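**Q** Please read through the structure below; I'll follow up with questions.
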Amino acid sequence: LAKTTQPISMDSYEGQEVNITCSHNNIATNDYITWYQQFPSQGPRFIIQGYKTKVTNEVASLFIPADRKSSTLSLPRVSLSDTAVYYCLVGDRFSGGYNKLIFGAGTRLAVHP
Amino acid sequence: KAGVTQTPRYLIKTRGQQVTLSCSPISGHRSVSWYQQTPGQGLQFLFEYFSETQRNKGNFPGRFSGRQFSNSRSEMNVSTLELGDSALYLCASSWGLAGLDEQFFGPGTRLTVL
């Protein structure tokens, strides 16, 4: 069974760069790696998605090595409003004919003044 | 455009009952996925419907079922409720398949089983 592993929590300060890594050994061949942000009492919100190498958008970068067994979400110059839980989402290649989606357990990021 | 809506927002049921949750996706989206979120197990994938067909499913018992209508609206049903079914149930919609596309999540339905 696939397992997706992320650090449980991280602390940072305003203005710093934060990197959160997710390991996903059994990622489905055709699936993308997607990261979501969740605030209390809200549904997750899309941050960034990629298949391989590096993807960058206006809020984050995503680094994916060639073997795709891990990915790193990079948040440049975090602010207090980035305090949230961050999840990686991948497809499980050992899902017996169905493509089961696996969320990581989430990384609780606390940004301090 | 309007976001994903879920009804009801809160629900209290007793063990053994059944419940139906509803999700209206963003207009034009063809995929609706359902997730269960609990403090102990985190976010767990239930199933995905795409153009009225179940395309993907997670490791939940048969008591959890769903369907999607021709207008992409989706319902999730849980029969014979157990205490452990108490959770936040989230639905998400996307234009393409959930594993390949950006998903937009609704606010969730908070189910409490007594």
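Residue numbering restarts at 1 in every chain; chains get A, B, ... in the order shown in the structure tokens, and ligands count up from 1 in that same order.
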Which residues are close to range 84-96 of chain B, i.e. within 6 Å by only C-alpha atoms, leaving aside same-chain residues fewer than 6 positions away? Reply as a VMD selection string.

**A** chain B and resid 25 29 to 38 103 to 106 108 to 113

**Q** Export, as an mmCIF file, in the first residue's frame, the selected residues with C-alpha atoms.

**A**
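After the write, out-v4.cif holds the following:
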data_model
loop_
_atom_site.group_PDB
_atom_site.id
_atom_site.type_symbol
_atom_site.label_atom_id
_atom_site.label_comp_id
_atom_site.auth_asym_id
_atom_site.auth_seq_id
_atom_site.Cartn_x
_atom_site.Cartn_y
_atom_site.Cartn_z
ATOM 1 C CA PRO B 25 -19.637 21.290 -8.385
ATOM 2 C CA HIS B 29 -16.557 20.627 -13.985
ATOM 3 C CA ARG B 30 -16.998 16.958 -14.816
ATOM 4 C CA SER B 31 -15.289 15.335 -11.839
ATOM 5 C CA VAL B 32 -16.505 15.210 -8.261
ATOM 6 C CA SER B 33 -14.440 13.551 -5.552
ATOM 7 C CA TRP B 34 -15.368 12.853 -1.964
ATOM 8 C CA TYR B 35 -13.054 12.852 1.043
ATOM 9 C CA GLN B 36 -13.408 12.085 4.732
ATOM 10 C CA GLN B 37 -11.422 14.196 7.181
ATOM 11 C CA THR B 38 -10.899 13.219 10.816
ATOM 12 C CA GLN B 103 -9.484 20.433 -7.391
ATOM 13 C CA PHE B 104 -11.777 23.015 -5.829
ATOM 14 C CA PHE B 105 -13.096 22.011 -2.435
ATOM 15 C CA GLY B 106 -16.395 22.810 -0.817
ATOM 16 C CA GLY B 108 -17.672 20.334 3.917
ATOM 17 C CA THR B 109 -20.508 18.653 5.752
ATOM 18 C CA ARG B 110 -19.855 18.019 9.436
ATOM 19 C CA LEU B 111 -21.480 14.684 10.319
ATOM 20 C CA THR B 112 -21.869 13.690 13.953
ATOM 21 C CA VAL B 113 -23.026 10.166 14.760
#

**Q** For the strand (DSSP E or B) assignment from backbone DSSP, which residues of range 4-53 of chain B qualify? Please present them as a ChimeraX atom specification.

**A** /B:5-7,10-13,19-24,31-38,42-50,53

**Q** Select all residues from chain B having any atom no more than 8 Å from an atom of chain A (counting only C-alpha atoms, ignoring ligands), output as number ranges by chain.

**A** B: 41-45, 47, 55-58, 90, 99-108

**Q** CA of Asn77 in chain B and CA of Gln38 in chain A are how many Å apart?

**A**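 Value for the CA of Asn77 in chain B-CA of Gln38 in chain A distance: 25.1 Å.
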
**Q** Measuring between only C-alpha atoms, which one of A:Ser12, A:Thr4, A:Arg108, A:Ala66 shows the shortest distance to Val78 in chain A?

**A**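 So, comparing all the options, the nearest one is A:Ser12.
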
**Q** Any idea what's packed within 6 Å of range 69-76 of chain B, counting only C-alpha atoms, ignoring anything in its chain fewer than 5 positions away? Could you give it as a list in words?

**A** Thr20, Leu21, Ser22, Cys23, Ser24, Arg30 and Glu52 of chain B

**Q** Would you write out those residues with C-alpha atoms, as a PDB file, in the first residue's frame?

**A**
ATOM      1  CA  THR B  20     -27.173  11.384   2.126  1.00  0.00           C
ATOM      2  CA  LEU B  21     -24.858  14.305   1.482  1.00  0.00           C
ATOM      3  CA  SER B  22     -25.053  16.511  -1.577  1.00  0.00           C
ATOM      4  CA  CYS B  23     -22.411  18.334  -3.592  1.00  0.00           C
ATOM      5  CA  SER B  24     -22.846  20.826  -6.406  1.00  0.00           C
ATOM      6  CA  ARG B  30     -16.998  16.958 -14.816  1.00  0.00           C
ATOM      7  CA  GLU B  52     -21.558   9.947 -14.085  1.00  0.00           C
TER       8      GLU B  52
END

**Q** What lies within 7 Å of Tyr13 in chain A using only C-alpha atoms, ignoring chain neighbours under 2 positions off, as a list in words?

**A**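 The contact residues come out as Gly15, Gln16, Val111, His112 and Pro113 of chain A.
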
**Q** Can you write out the residues you just picked, keeping N, CA, C and O atoms, as a PDB file, in the first residue's frame?

**A**
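Result file follows (again05.pdb):
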ATOM      1  N   GLY A  15       9.126  36.337   6.282  1.00  0.00           N
ATOM      2  CA  GLY A  15      10.172  36.710   5.353  1.00  0.00           C
ATOM      3  C   GLY A  15      11.113  35.589   4.970  1.00  0.00           C
ATOM      4  O   GLY A  15      11.886  35.723   4.014  1.00  0.00           O
ATOM      5  N   GLN A  16      11.049  34.471   5.691  1.00  0.00           N
ATOM      6  CA  GLN A  16      11.918  33.352   5.368  1.00  0.00           C
ATOM      7  C   GLN A  16      11.325  32.471   4.290  1.00  0.00           C
ATOM      8  O   GLN A  16      10.119  32.509   4.016  1.00  0.00           O
ATOM      9  N   VAL A 111       3.990  30.298  11.205  1.00  0.00           N
ATOM     10  CA  VAL A 111       4.866  31.418  10.881  1.00  0.00           C
ATOM     11  C   VAL A 111       4.787  32.435  12.012  1.00  0.00           C
ATOM     12  O   VAL A 111       3.705  32.885  12.383  1.00  0.00           O
ATOM     13  N   HIS A 112       5.971  32.785  12.547  1.00  0.00           N
ATOM     14  CA  HIS A 112       6.044  33.697  13.694  1.00  0.00           C
ATOM     15  C   HIS A 112       6.527  35.076  13.269  1.00  0.00           C
ATOM     16  O   HIS A 112       7.276  35.194  12.296  1.00  0.00           O
ATOM     17  N   PRO A 113       6.094  36.123  13.992  1.00  0.00           N
ATOM     18  CA  PRO A 113       6.543  37.482  13.642  1.00  0.00           C
ATOM     19  C   PRO A 113       8.046  37.644  13.861  1.00  0.00           C
ATOM     20  O   PRO A 113       8.635  36.938  14.681  1.00  0.00           O
TER      21      PRO A 113
END

**Q** Can you pull out the residues contacting Val78 in chain B? Cut-off 9 Å, using only C-alpha atoms, and skip same-chain residues under 3 positions away; I want them as a short mmCIF file (atom, residue, chain, number, x, y, z; two decimals) with all heavy atoms, in the first residue's frame.

**A**
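Done, and the output landed in selection-v4.cif:
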data_model
loop_
_atom_site.label_atom_id
_atom_site.label_comp_id
_atom_site.auth_asym_id
_atom_site.auth_seq_id
_atom_site.Cartn_x
_atom_site.Cartn_y
_atom_site.Cartn_z
N GLN B 17 -28.57 4.62 11.45
CA GLN B 17 -29.29 5.38 10.43
C GLN B 17 -28.46 5.50 9.16
O GLN B 17 -27.30 5.08 9.11
CB GLN B 17 -29.61 6.79 10.96
CG GLN B 17 -30.70 6.82 12.00
CD GLN B 17 -31.08 8.24 12.36
OE1 GLN B 17 -30.23 9.08 12.65
NE2 GLN B 17 -32.38 8.53 12.35
N GLN B 18 -29.07 6.05 8.14
CA GLN B 18 -28.34 6.33 6.92
C GLN B 18 -28.40 7.82 6.63
O GLN B 18 -29.26 8.53 7.16
CB GLN B 18 -28.88 5.54 5.74
CG GLN B 18 -30.17 6.05 5.16
CD GLN B 18 -30.44 5.42 3.78
OE1 GLN B 18 -29.93 4.36 3.45
NE2 GLN B 18 -31.26 6.07 2.99
N VAL B 19 -27.47 8.30 5.80
CA VAL B 19 -27.41 9.72 5.52
C VAL B 19 -27.02 9.94 4.06
O VAL B 19 -26.29 9.13 3.48
CB VAL B 19 -26.38 10.41 6.46
CG1 VAL B 19 -24.97 9.91 6.19
CG2 VAL B 19 -26.45 11.91 6.35
N THR B 20 -27.53 11.00 3.49
CA THR B 20 -27.17 11.38 2.13
C THR B 20 -26.66 12.81 2.13
O THR B 20 -27.31 13.71 2.65
CB THR B 20 -28.39 11.29 1.19
OG1 THR B 20 -28.85 9.93 1.15
CG2 THR B 20 -28.01 11.72 -0.22
N LEU B 21 -25.48 12.99 1.58
CA LEU B 21 -24.86 14.31 1.48
C LEU B 21 -24.84 14.71 0.01
O LEU B 21 -24.68 13.88 -0.87
CB LEU B 21 -23.42 14.27 2.01
CG LEU B 21 -23.21 13.61 3.38
CD1 LEU B 21 -21.74 13.69 3.77
CD2 LEU B 21 -24.10 14.24 4.43
N GLY B 62 -18.40 -0.94 1.79
CA GLY B 62 -19.51 -0.75 0.87
C GLY B 62 -20.64 0.11 1.42
O GLY B 62 -21.52 0.53 0.66
N ARG B 63 -20.60 0.39 2.73
CA ARG B 63 -21.63 1.26 3.31
C ARG B 63 -21.54 2.67 2.73
O ARG B 63 -22.49 3.44 2.79
CB ARG B 63 -21.45 1.35 4.83
CG ARG B 63 -21.57 0.06 5.57
CD ARG B 63 -21.52 0.27 7.08
NE ARG B 63 -20.27 0.84 7.54
CZ ARG B 63 -20.11 2.08 7.97
NH1 ARG B 63 -21.13 2.91 7.98
NH2 ARG B 63 -18.93 2.49 8.40
N PHE B 64 -20.39 2.99 2.20
CA PHE B 64 -20.17 4.30 1.58
C PHE B 64 -20.39 4.17 0.08
O PHE B 64 -19.72 3.38 -0.58
CB PHE B 64 -18.75 4.80 1.86
CG PHE B 64 -18.50 5.14 3.30
CD1 PHE B 64 -18.19 4.13 4.21
CD2 PHE B 64 -18.55 6.45 3.75
CE1 PHE B 64 -17.96 4.43 5.55
CE2 PHE B 64 -18.32 6.76 5.08
CZ PHE B 64 -18.03 5.75 5.98
N SER B 65 -21.31 4.90 -0.43
CA SER B 65 -21.58 4.84 -1.86
C SER B 65 -21.87 6.23 -2.38
O SER B 65 -22.09 7.17 -1.61
CB SER B 65 -22.77 3.92 -2.14
OG SER B 65 -23.95 4.45 -1.55
N GLY B 66 -21.87 6.35 -3.67
CA GLY B 66 -22.13 7.66 -4.24
C GLY B 66 -22.72 7.54 -5.63
O GLY B 66 -22.86 6.43 -6.17
N LEU B 81 -24.96 3.79 9.85
CA LEU B 81 -23.94 4.67 10.43
C LEU B 81 -23.32 4.08 11.69
O LEU B 81 -24.00 3.47 12.53
CB LEU B 81 -24.54 6.03 10.74
CG LEU B 81 -24.75 6.95 9.54
CD1 LEU B 81 -25.65 8.12 9.91
CD2 LEU B 81 -23.42 7.44 8.99
N ASP B 85 -17.96 7.03 11.91
CA ASP B 85 -18.24 7.77 10.68
C ASP B 85 -18.33 9.27 10.94
O ASP B 85 -18.45 10.06 10.00
CB ASP B 85 -19.54 7.28 10.05
CG ASP B 85 -19.47 5.82 9.62
OD1 ASP B 85 -18.33 5.36 9.33
OD2 ASP B 85 -20.52 5.16 9.57
#
